[in-house]
>>> print(open('start_12.pdb').read())   # PDB, C-alpha atoms, pLDDT in the B column
MODEL        1
ATOM      1  CA  MET X   1     157.241 -14.773 -41.296  1.00 96.00           C
ATOM      2  CA  ARG X   2     154.744 -17.198 -42.735  1.00 98.00           C
ATOM      3  CA  LEU X   3     151.588 -18.096 -40.813  1.00 98.00           C
ATOM      4  CA  TYR X   4     149.645 -21.232 -41.698  1.00 98.00           C
ATOM      5  CA  SER X   5     146.084 -20.446 -40.781  1.00 98.00           C
ATOM      6  CA  TYR X   6     142.420 -21.286 -41.318  1.00 98.00           C
ATOM      7  CA  TRP X   7     139.967 -18.415 -41.378  1.00 98.00           C
ATOM      8  CA  ARG X   8     137.673 -19.842 -38.684  1.00 96.00           C
ATOM      9  CA  SER X   9     140.252 -21.495 -36.432  1.00 97.00           C
ATOM     10  CA  SER X  10     140.187 -19.738 -33.066  1.00 97.00           C
ATOM     11  CA  SER X  11     143.789 -20.788 -32.415  1.00 98.00           C
ATOM     12  CA  ALA X  12     144.976 -19.188 -35.655  1.00 98.00           C
ATOM     13  CA  TYR X  13     142.716 -16.186 -34.995  1.00 98.00           C
ATOM     14  CA  ARG X  14     144.454 -15.420 -31.688  1.00 98.00           C
ATOM     15  CA  VAL X  15     147.880 -15.556 -33.348  1.00 98.00           C
ATOM     16  CA  ARG X  16     146.726 -13.161 -36.068  1.00 98.00           C
ATOM     17  CA  ILE X  17     145.592 -10.758 -33.346  1.00 98.00           C
ATOM     18  CA  ALA X  18     148.927 -11.002 -31.543  1.00 98.00           C
ATOM     19  CA  LEU X  19     150.899 -10.407 -34.744  1.00 98.00           C
ATOM     20  CA  ASN X  20     148.752  -7.371 -35.520  1.00 98.00           C
ATOM     21  CA  LEU X  21     149.014  -5.937 -32.005  1.00 98.00           C
ATOM     22  CA  LYS X  22     152.775  -6.132 -32.311  1.00 98.00           C
ATOM     23  CA  GLY X  23     152.700  -4.536 -35.757  1.00 98.00           C
ATOM     24  CA  LEU X  24     154.522  -7.463 -37.384  1.00 98.00           C
ATOM     25  CA  GLU X  25     154.266  -8.270 -41.066  1.00 97.00           C
ATOM     26  CA  TYR X  26     153.635 -11.851 -42.138  1.00 98.00           C
ATOM     27  CA  GLU X  27     152.518 -13.934 -45.095  1.00 97.00           C
ATOM     28  CA  LEU X  28     149.300 -15.825 -44.532  1.00 97.00           C
ATOM     29  CA  HIS X  29     149.052 -19.312 -46.027  1.00 97.00           C
ATOM     30  CA  PRO X  30     145.560 -20.804 -45.700  1.00 97.00           C
ATOM     31  CA  VAL X  31     145.117 -24.469 -44.758  1.00 97.00           C
ATOM     32  CA  HIS X  32     141.520 -25.579 -45.289  1.00 96.00           C
ATOM     33  CA  LEU X  33     140.515 -27.761 -42.352  1.00 95.00           C
ATOM     34  CA  VAL X  34     137.418 -29.247 -44.021  1.00 93.00           C
ATOM     35  CA  ARG X  35     137.871 -29.402 -47.794  1.00 93.00           C
ATOM     36  CA  ASN X  36     138.901 -32.804 -49.192  1.00 91.00           C
ATOM     37  CA  GLY X  37     138.933 -34.301 -45.731  1.00 92.00           C
ATOM     38  CA  GLY X  38     141.129 -31.508 -44.379  1.00 95.00           C
ATOM     39  CA  GLU X  39     144.267 -30.146 -46.020  1.00 96.00           C
ATOM     40  CA  GLN X  40     146.055 -30.330 -42.655  1.00 96.00           C
ATOM     41  CA  HIS X  41     146.164 -34.119 -43.069  1.00 96.00           C
ATOM     42  CA  GLY X  42     148.001 -33.999 -46.380  1.00 96.00           C
ATOM     43  CA  GLU X  43     151.650 -35.038 -46.637  1.00 96.00           C
ATOM     44  CA  ARG X  44     152.780 -31.543 -47.603  1.00 94.00           C
ATOM     45  CA  TYR X  45     151.396 -29.922 -44.468  1.00 96.00           C
ATOM     46  CA  ARG X  46     152.419 -32.817 -42.212  1.00 96.00           C
ATOM     47  CA  ARG X  47     156.014 -31.985 -43.080  1.00 96.00           C
ATOM     48  CA  ILE X  48     155.379 -28.509 -41.666  1.00 97.00           C
ATOM     49  CA  ASN X  49     153.387 -29.595 -38.607  1.00 97.00           C
ATOM     50  CA  PRO X  50     153.273 -33.316 -37.755  1.00 97.00           C
ATOM     51  CA  GLN X  51     150.356 -32.616 -35.397  1.00 96.00           C
ATOM     52  CA  GLU X  52     148.240 -31.740 -38.455  1.00 96.00           C
ATOM     53  CA  LEU X  53     146.904 -28.630 -36.766  1.00 96.00           C
ATOM     54  CA  VAL X  54     146.894 -24.901 -37.358  1.00 98.00           C
ATOM     55  CA  PRO X  55     148.435 -22.516 -36.659  1.00 98.00           C
ATOM     56  CA  ALA X  56     152.075 -22.997 -37.522  1.00 98.00           C
ATOM     57  CA  LEU X  57     154.541 -20.132 -37.822  1.00 98.00           C
ATOM     58  CA  GLN X  58     157.656 -20.294 -39.985  1.00 98.00           C
ATOM     59  CA  CYS X  59     160.222 -17.761 -38.810  1.00 95.00           C
ATOM     60  CA  GLN X  60     163.974 -17.543 -39.149  1.00 90.00           C
ATOM     61  CA  GLY X  61     164.211 -21.067 -40.528  1.00 91.00           C
ATOM     62  CA  GLU X  62     162.208 -22.616 -37.690  1.00 96.00           C
ATOM     63  CA  VAL X  63     158.625 -23.828 -37.444  1.00 97.00           C
ATOM     64  CA  ILE X  64     156.756 -23.038 -34.230  1.00 98.00           C
ATOM     65  CA  THR X  65     153.451 -24.737 -33.460  1.00 98.00           C
ATOM     66  CA  GLN X  66     150.776 -24.321 -30.783  1.00 97.00           C
ATOM     67  CA  SER X  67     149.236 -20.867 -30.573  1.00 98.00           C
ATOM     68  CA  ALA X  68     150.327 -20.130 -26.994  1.00 98.00           C
ATOM     69  CA  ALA X  69     153.938 -21.049 -27.809  1.00 98.00           C
ATOM     70  CA  ILE X  70     153.834 -18.921 -30.959  1.00 98.00           C
ATOM     71  CA  ILE X  71     152.552 -15.895 -29.059  1.00 98.00           C
ATOM     72  CA  GLU X  72     155.107 -16.435 -26.281  1.00 98.00           C
ATOM     73  CA  PHE X  73     157.830 -16.512 -28.963  1.00 98.00           C
ATOM     74  CA  LEU X  74     156.539 -13.252 -30.440  1.00 98.00           C
ATOM     75  CA  GLU X  75     156.522 -11.658 -26.979  1.00 98.00           C
ATOM     76  CA  GLU X  76     160.102 -12.716 -26.307  1.00 97.00           C
ATOM     77  CA  ARG X  77     161.453 -11.908 -29.760  1.00 97.00           C
ATOM     78  CA  TRP X  78     159.625  -8.568 -30.106  1.00 98.00           C
ATOM     79  CA  PRO X  79     158.953  -7.433 -26.522  1.00 97.00           C
ATOM     80  CA  ALA X  80     157.513  -4.052 -27.498  1.00 97.00           C
ATOM     81  CA  PRO X  81     154.671  -3.399 -27.525  1.00 97.00           C
ATOM     82  CA  SER X  82     154.193  -5.948 -24.794  1.00 98.00           C
ATOM     83  CA  LEU X  83     151.097  -8.125 -24.554  1.00 98.00           C
ATOM     84  CA  LEU X  84     151.687  -8.598 -20.822  1.00 98.00           C
ATOM     85  CA  PRO X  85     151.730  -6.237 -17.822  1.00 97.00           C
ATOM     86  CA  ALA X  86     155.061  -5.401 -16.208  1.00 96.00           C
ATOM     87  CA  GLU X  87     154.336  -6.659 -12.684  1.00 97.00           C
ATOM     88  CA  PRO X  88     154.836 -10.442 -12.172  1.00 98.00           C
ATOM     89  CA  CYS X  89     151.518 -11.167 -10.425  1.00 97.00           C
ATOM     90  CA  ALA X  90     149.643  -9.192 -13.054  1.00 97.00           C
ATOM     91  CA  ARG X  91     151.455 -11.133 -15.781  1.00 98.00           C
ATOM     92  CA  ALA X  92     150.484 -14.398 -14.129  1.00 98.00           C
ATOM     93  CA  ARG X  93     146.841 -13.291 -13.953  1.00 98.00           C
ATOM     94  CA  VAL X  94     146.779 -12.491 -17.667  1.00 98.00           C
ATOM     95  CA  ARG X  95     148.392 -15.820 -18.523  1.00 98.00           C
ATOM     96  CA  SER X  96     145.821 -17.554 -16.323  1.00 98.00           C
ATOM     97  CA  LEU X  97     142.968 -15.907 -18.230  1.00 98.00           C
ATOM     98  CA  ALA X  98     144.515 -16.916 -21.553  1.00 98.00           C
ATOM     99  CA  GLN X  99     144.974 -20.496 -20.370  1.00 98.00           C
ATOM    100  CA  LEU X 100     141.391 -20.662 -19.156  1.00 98.00           C
ATOM    101  CA  ILE X 101     140.442 -20.273 -22.810  1.00 98.00           C
ATOM    102  CA  ALA X 102     143.275 -22.277 -24.360  1.00 97.00           C
ATOM    103  CA  CYS X 103     143.272 -25.199 -21.906  1.00 97.00           C
ATOM    104  CA  GLU X 104     139.767 -25.399 -20.458  1.00 96.00           C
ATOM    105  CA  ILE X 105     137.315 -24.334 -23.189  1.00 97.00           C
ATOM    106  CA  GLN X 106     138.760 -24.519 -26.679  1.00 95.00           C
ATOM    107  CA  PRO X 107     140.318 -28.031 -26.562  1.00 95.00           C
ATOM    108  CA  LEU X 108     137.002 -29.587 -25.538  1.00 96.00           C
ATOM    109  CA  ASN X 109     135.154 -27.855 -28.373  1.00 95.00           C
ATOM    110  CA  ASN X 110     137.575 -28.028 -31.277  1.00 92.00           C
ATOM    111  CA  LEU X 111     136.904 -29.646 -34.643  1.00 91.00           C
ATOM    112  CA  ARG X 112     138.543 -32.963 -33.754  1.00 92.00           C
ATOM    113  CA  VAL X 113     136.575 -33.439 -30.538  1.00 96.00           C
ATOM    114  CA  LEU X 114     133.248 -32.562 -32.134  1.00 96.00           C
ATOM    115  CA  GLY X 115     134.057 -34.961 -34.972  1.00 94.00           C
ATOM    116  CA  GLN X 116     134.685 -37.766 -32.498  1.00 96.00           C
ATOM    117  CA  LEU X 117     131.395 -37.074 -30.740  1.00 97.00           C
ATOM    118  CA  ARG X 118     129.607 -37.515 -34.065  1.00 97.00           C
ATOM    119  CA  GLN X 119     131.589 -40.371 -35.567  1.00 96.00           C
ATOM    120  CA  ARG X 120     132.603 -42.547 -32.630  1.00 97.00           C
ATOM    121  CA  PHE X 121     129.757 -41.935 -30.218  1.00 97.00           C
ATOM    122  CA  GLY X 122     126.914 -41.234 -32.650  1.00 98.00           C
ATOM    123  CA  ALA X 123     125.999 -37.842 -31.210  1.00 98.00           C
ATOM    124  CA  ASP X 124     123.445 -35.898 -33.217  1.00 97.00           C
ATOM    125  CA  GLU X 125     123.771 -32.159 -33.867  1.00 96.00           C
ATOM    126  CA  GLN X 126     121.648 -31.202 -30.874  1.00 97.00           C
ATOM    127  CA  GLN X 127     123.806 -33.315 -28.574  1.00 97.00           C
ATOM    128  CA  VAL X 128     126.981 -31.834 -30.064  1.00 96.00           C
ATOM    129  CA  ARG X 129     125.610 -28.330 -29.536  1.00 96.00           C
ATOM    130  CA  SER X 130     124.664 -29.171 -25.936  1.00 97.00           C
ATOM    131  CA  TRP X 131     128.218 -30.397 -25.308  1.00 97.00           C
ATOM    132  CA  TYR X 132     129.674 -27.238 -26.831  1.00 97.00           C
ATOM    133  CA  LEU X 133     127.472 -24.877 -24.855  1.00 97.00           C
ATOM    134  CA  HIS X 134     128.105 -26.700 -21.570  1.00 97.00           C
ATOM    135  CA  TRP X 135     131.850 -26.046 -21.732  1.00 97.00           C
ATOM    136  CA  LEU X 136     131.323 -22.486 -22.912  1.00 97.00           C
ATOM    137  CA  GLU X 137     129.070 -21.779 -19.936  1.00 98.00           C
ATOM    138  CA  ALA X 138     131.516 -23.307 -17.461  1.00 98.00           C
ATOM    139  CA  GLY X 139     134.486 -21.436 -18.901  1.00 98.00           C
ATOM    140  CA  PHE X 140     132.834 -18.083 -19.489  1.00 98.00           C
ATOM    141  CA  SER X 141     131.315 -18.086 -15.995  1.00 98.00           C
ATOM    142  CA  ALA X 142     134.774 -18.465 -14.496  1.00 98.00           C
ATOM    143  CA  PHE X 143     136.295 -15.917 -16.887  1.00 98.00           C
ATOM    144  CA  GLU X 144     133.599 -13.347 -16.107  1.00 98.00           C
ATOM    145  CA  ALA X 145     134.071 -13.873 -12.362  1.00 98.00           C
ATOM    146  CA  GLU X 146     137.833 -13.367 -12.701  1.00 98.00           C
ATOM    147  CA  LEU X 147     137.282 -10.141 -14.605  1.00 98.00           C
ATOM    148  CA  GLU X 148     134.729  -8.833 -12.104  1.00 98.00           C
ATOM    149  CA  ARG X 149     136.823  -9.459  -9.012  1.00 97.00           C
ATOM    150  CA  ASN X 150     140.088  -7.913 -10.220  1.00 97.00           C
ATOM    151  CA  ALA X 151     140.759  -4.181 -10.170  1.00 97.00           C
ATOM    152  CA  ALA X 152     143.025  -4.475 -13.223  1.00 97.00           C
ATOM    153  CA  THR X 153     140.010  -5.091 -15.451  1.00 98.00           C
ATOM    154  CA  ALA X 154     139.271  -1.922 -17.392  1.00 98.00           C
ATOM    155  CA  ASP X 155     138.544  -1.306 -21.061  1.00 98.00           C
ATOM    156  CA  PHE X 156     140.321  -4.594 -21.701  1.00 98.00           C
ATOM    157  CA  CYS X 157     141.106  -7.706 -19.684  1.00 98.00           C
ATOM    158  CA  SER X 158     144.067  -5.986 -18.068  1.00 98.00           C
ATOM    159  CA  GLY X 159     144.159  -2.228 -18.199  1.00 97.00           C
ATOM    160  CA  ASP X 160     143.417   0.228 -20.964  1.00 97.00           C
ATOM    161  CA  ALA X 161     145.263  -1.515 -23.798  1.00 98.00           C
ATOM    162  CA  PRO X 162     144.555  -4.894 -25.366  1.00 98.00           C
ATOM    163  CA  GLY X 163     146.932  -7.737 -24.662  1.00 98.00           C
ATOM    164  CA  LEU X 164     147.362 -11.468 -24.353  1.00 98.00           C
ATOM    165  CA  ALA X 165     144.084 -12.279 -22.599  1.00 98.00           C
ATOM    166  CA  ASP X 166     142.060 -10.262 -25.113  1.00 98.00           C
ATOM    167  CA  ALA X 167     143.735 -12.077 -28.002  1.00 98.00           C
ATOM    168  CA  PHE X 168     142.492 -15.360 -26.541  1.00 98.00           C
ATOM    169  CA  LEU X 169     139.054 -14.115 -25.475  1.00 98.00           C
ATOM    170  CA  VAL X 170     137.837 -12.530 -28.709  1.00 98.00           C
ATOM    171  CA  PRO X 171     138.088 -15.686 -30.864  1.00 98.00           C
ATOM    172  CA  GLN X 172     136.230 -17.661 -28.205  1.00 98.00           C
ATOM    173  CA  VAL X 173     133.440 -15.076 -28.166  1.00 98.00           C
ATOM    174  CA  TYR X 174     133.285 -15.356 -31.959  1.00 98.00           C
ATOM    175  CA  ASN X 175     132.811 -19.113 -31.615  1.00 96.00           C
ATOM    176  CA  ALA X 176     130.179 -18.620 -28.931  1.00 97.00           C
ATOM    177  CA  ARG X 177     128.128 -16.446 -31.264  1.00 97.00           C
ATOM    178  CA  ARG X 178     128.472 -19.028 -34.036  1.00 94.00           C
ATOM    179  CA  PHE X 179     126.754 -21.523 -31.747  1.00 94.00           C
ATOM    180  CA  GLU X 180     124.119 -18.951 -30.685  1.00 96.00           C
ATOM    181  CA  PHE X 181     125.360 -18.928 -27.100  1.00 97.00           C
ATOM    182  CA  ASP X 182     123.562 -16.329 -24.970  1.00 97.00           C
ATOM    183  CA  LEU X 183     126.163 -13.863 -23.680  1.00 98.00           C
ATOM    184  CA  ALA X 184     123.722 -11.798 -21.587  1.00 98.00           C
ATOM    185  CA  ALA X 185     125.081 -13.260 -18.350  1.00 98.00           C
ATOM    186  CA  TYR X 186     128.601 -12.066 -19.192  1.00 98.00           C
ATOM    187  CA  PRO X 187     128.453  -8.263 -19.481  1.00 98.00           C
ATOM    188  CA  THR X 188     132.165  -7.696 -18.841  1.00 98.00           C
ATOM    189  CA  ILE X 189     133.140 -10.171 -21.546  1.00 98.00           C
ATOM    190  CA  GLU X 190     130.684  -8.524 -23.945  1.00 98.00           C
ATOM    191  CA  ARG X 191     132.000  -5.058 -23.141  1.00 98.00           C
ATOM    192  CA  ILE X 192     135.634  -6.020 -23.659  1.00 98.00           C
ATOM    193  CA  ASP X 193     134.800  -7.858 -26.877  1.00 98.00           C
ATOM    194  CA  ALA X 194     133.026  -4.741 -28.182  1.00 98.00           C
ATOM    195  CA  ASN X 195     136.042  -2.583 -27.307  1.00 98.00           C
ATOM    196  CA  CYS X 196     138.334  -4.955 -29.190  1.00 98.00           C
ATOM    197  CA  ALA X 197     135.998  -5.090 -32.183  1.00 98.00           C
ATOM    198  CA  SER X 198     136.574  -1.380 -32.848  1.00 97.00           C
ATOM    199  CA  LEU X 199     140.356  -1.716 -33.136  1.00 98.00           C
ATOM    200  CA  PRO X 200     142.051  -2.165 -36.537  1.00 98.00           C
ATOM    201  CA  GLU X 201     144.282  -4.979 -35.256  1.00 98.00           C
ATOM    202  CA  PHE X 202     141.255  -7.047 -34.325  1.00 98.00           C
ATOM    203  CA  ILE X 203     139.285  -6.095 -37.429  1.00 98.00           C
ATOM    204  CA  ALA X 204     142.132  -7.230 -39.693  1.00 98.00           C
ATOM    205  CA  ALA X 205     142.395 -10.535 -37.818  1.00 98.00           C
ATOM    206  CA  ALA X 206     138.656 -11.299 -37.913  1.00 98.00           C
ATOM    207  CA  PRO X 207     137.633 -14.496 -39.716  1.00 98.00           C
ATOM    208  CA  GLU X 208     135.435 -12.733 -42.281  1.00 98.00           C
ATOM    209  CA  ASN X 209     138.396 -10.589 -43.343  1.00 98.00           C
ATOM    210  CA  GLN X 210     140.725 -13.484 -44.153  1.00 98.00           C
ATOM    211  CA  PRO X 211     141.591 -14.348 -47.758  1.00 97.00           C
ATOM    212  CA  ASP X 212     140.284 -17.902 -47.368  1.00 97.00           C
ATOM    213  CA  ALA X 213     136.908 -16.845 -45.927  1.00 97.00           C
ATOM    214  CA  PRO X 214     134.065 -17.998 -48.200  1.00 94.00           C
TER     215      PRO X 214
ENDMDL
END
>>> encode(input="start_12.pdb", output="structure tokens")
Amino acid sequence: MRLYSYWRSSSAYRVRIALNLKGLEYELHPVHLVRNGGEQHGERYRRINPQELVPALQCQGEVITQSAAIIEFLEERWPAPSLLPAEPCARARVRSLAQLIACEIQPLNNLRVLGQLRQRFGADEQQVRSWYLHWLEAGFSAFEAELERNAATADFCSGDAPGLADAFLVPQVYNARRFEFDLAAYPTIERIDANCASLPEFIAAAPENQPDAP
């Protein structure tokens, strides 16, 4: 398998975590999202992913895009170890937590949106940061409440082993710290993030440990 990735992309980060949790080997091919206007916009990469986004996974002659679809493919193709609980309602809860990150927080704060705020609407850096932190606060408040009210929350988002929701949460916490977001109001999120940070699968996937990290 070949993963097209950028060291600081949270979407690529979550796929790296999932691949590592499943113990799958892959080749990492960096795509620099900033240099020379963004390598993702070049003709060569557009042939791989017409959306001009990372990640993209080449596997068995196919190209799969969108991080959630990639991880779902990995779960179906290599079901063990599973990233989801066995019971249907528990599986739905974990997917809901992952989608809270992937659909409600990250899309509003990704590189393209922040670029539009600056370029089209003339937002300064303080206004961009205020936008970013607003959506983090809204999303993390809901995520923390979901964790607190469910008995399945333990060392990780669902039980005593990391899974799908943790793979989505950890990159978002990384981004929050980049923007100096105060996590004190989210003790369960902080605790789970710390538990994940001690695991080799998460360490290997971390942005600072990628070959394209500066």
>>> resolve_selection(input="start_12.pdb", expression="the PyMOL selection byres ((chain X and resi 144) around 12)", output="PyMOL selection string")
chain X and resi 97+100-101+136-143+145-150+153+157+169+183-192
>>> atom_distance(input="start_12.pdb", atom1="CA of Ala194 (chain X)", atom2="CA of Val173 (chain X)")
10.3 Å
>>> closest_residue(input="start_12.pdb", among="X:Pro81, X:Pro30, X:Pro107, X:Pro207", to="Pro171 (chain X)", atoms="all atoms listed in the file")
X:Pro207
>>> resolve_selection(input="start_12.pdb", expression="the PyMOL selection byres ((chain X and resi 82) around 12)", output="PyMOL selection string")
chain X and resi 18-19+21-23+71-81+83-86+91+161-164
>>> atom_distance(input="start_12.pdb", atom1="CA of Arg14 (chain X)", atom2="CA of Ala56 (chain X)")
12.2 Å
>>> closest_residue(input="start_12.pdb", among="X:Asp155, X:Cys89, X:Glu39, X:Ala176", to="Gln106 (chain X)", atoms="only C-alpha atoms")
X:Ala176
>>> atom_distance(input="start_12.pdb", atom1="CA of Arg178 (chain X)", atom2="CA of Arg129 (chain X)")
10.7 Å
>>> resolve_selection(input="start_12.pdb", expression="the PyMOL selection byres ((chain X and resi 51) around 9)", output="MDAnalysis selection string")
chainID X and resid 40:41 46 49:50 52:54 65
>>> axis_aligned_box(input="start_12.pdb", around="region 135-138 of chain X", padding_each_side="6 Å", output="AutoDock Vina command-line options")
--center_x 130.5 --center_y -23.9 --center_z -20.2 --size_x 14.8 --size_y 16.3 --size_z 17.5
>>> closest_residue(input="start_12.pdb", among="X:Phe121, X:Pro88, X:Phe181, X:Asp160", to="Leu133 (chain X)", atoms="all atoms listed in the file")
X:Phe181
>>> residues_around(input="start_12.pdb", residues="Val128 (chain X)", least_positions_apart="2", cutoff="12 Å", atoms="all atoms listed in the file", output="list in words")
Leu108, Asn109, Asn110, Leu111, Val113, Leu114, Gly115, Gln116, Leu117, Arg118, Gln119, Phe121, Gly122, Ala123, Asp124, Glu125, Gln126, Ser130, Trp131, Tyr132, Leu133, His134, Trp135 and Phe179 of chain X
>>> closest_residue(input="start_12.pdb", among="X:Glu180, X:Gln58, X:Val170, X:Glu43", to="Ala206 (chain X)", atoms="only C-alpha atoms")
X:Val170
>>> closest_residue(input="start_12.pdb", among="X:Ala154, X:Ile70, X:Val31, X:Ala213", to="Asn195 (chain X)", atoms="all atoms listed in the file")
X:Ala154
>>> residues_near_point(input="start_12.pdb", point="(153.8, -19.2, -39.9)", cutoff="8 Å", atoms="only C-alpha atoms", output="list in words")
Met1, Arg2, Leu3, Tyr4, Ser5, Tyr26, Glu27, Leu28, His29, Pro55, Ala56, Leu57, Gln58, Cys59, Val63 and Ile64 of chain X
>>> closest_residue(input="start_12.pdb", among="X:Tyr174, X:Gln99, X:Ala151, X:Gly37", to="Phe202 (chain X)", atoms="all atoms listed in the file")
X:Tyr174
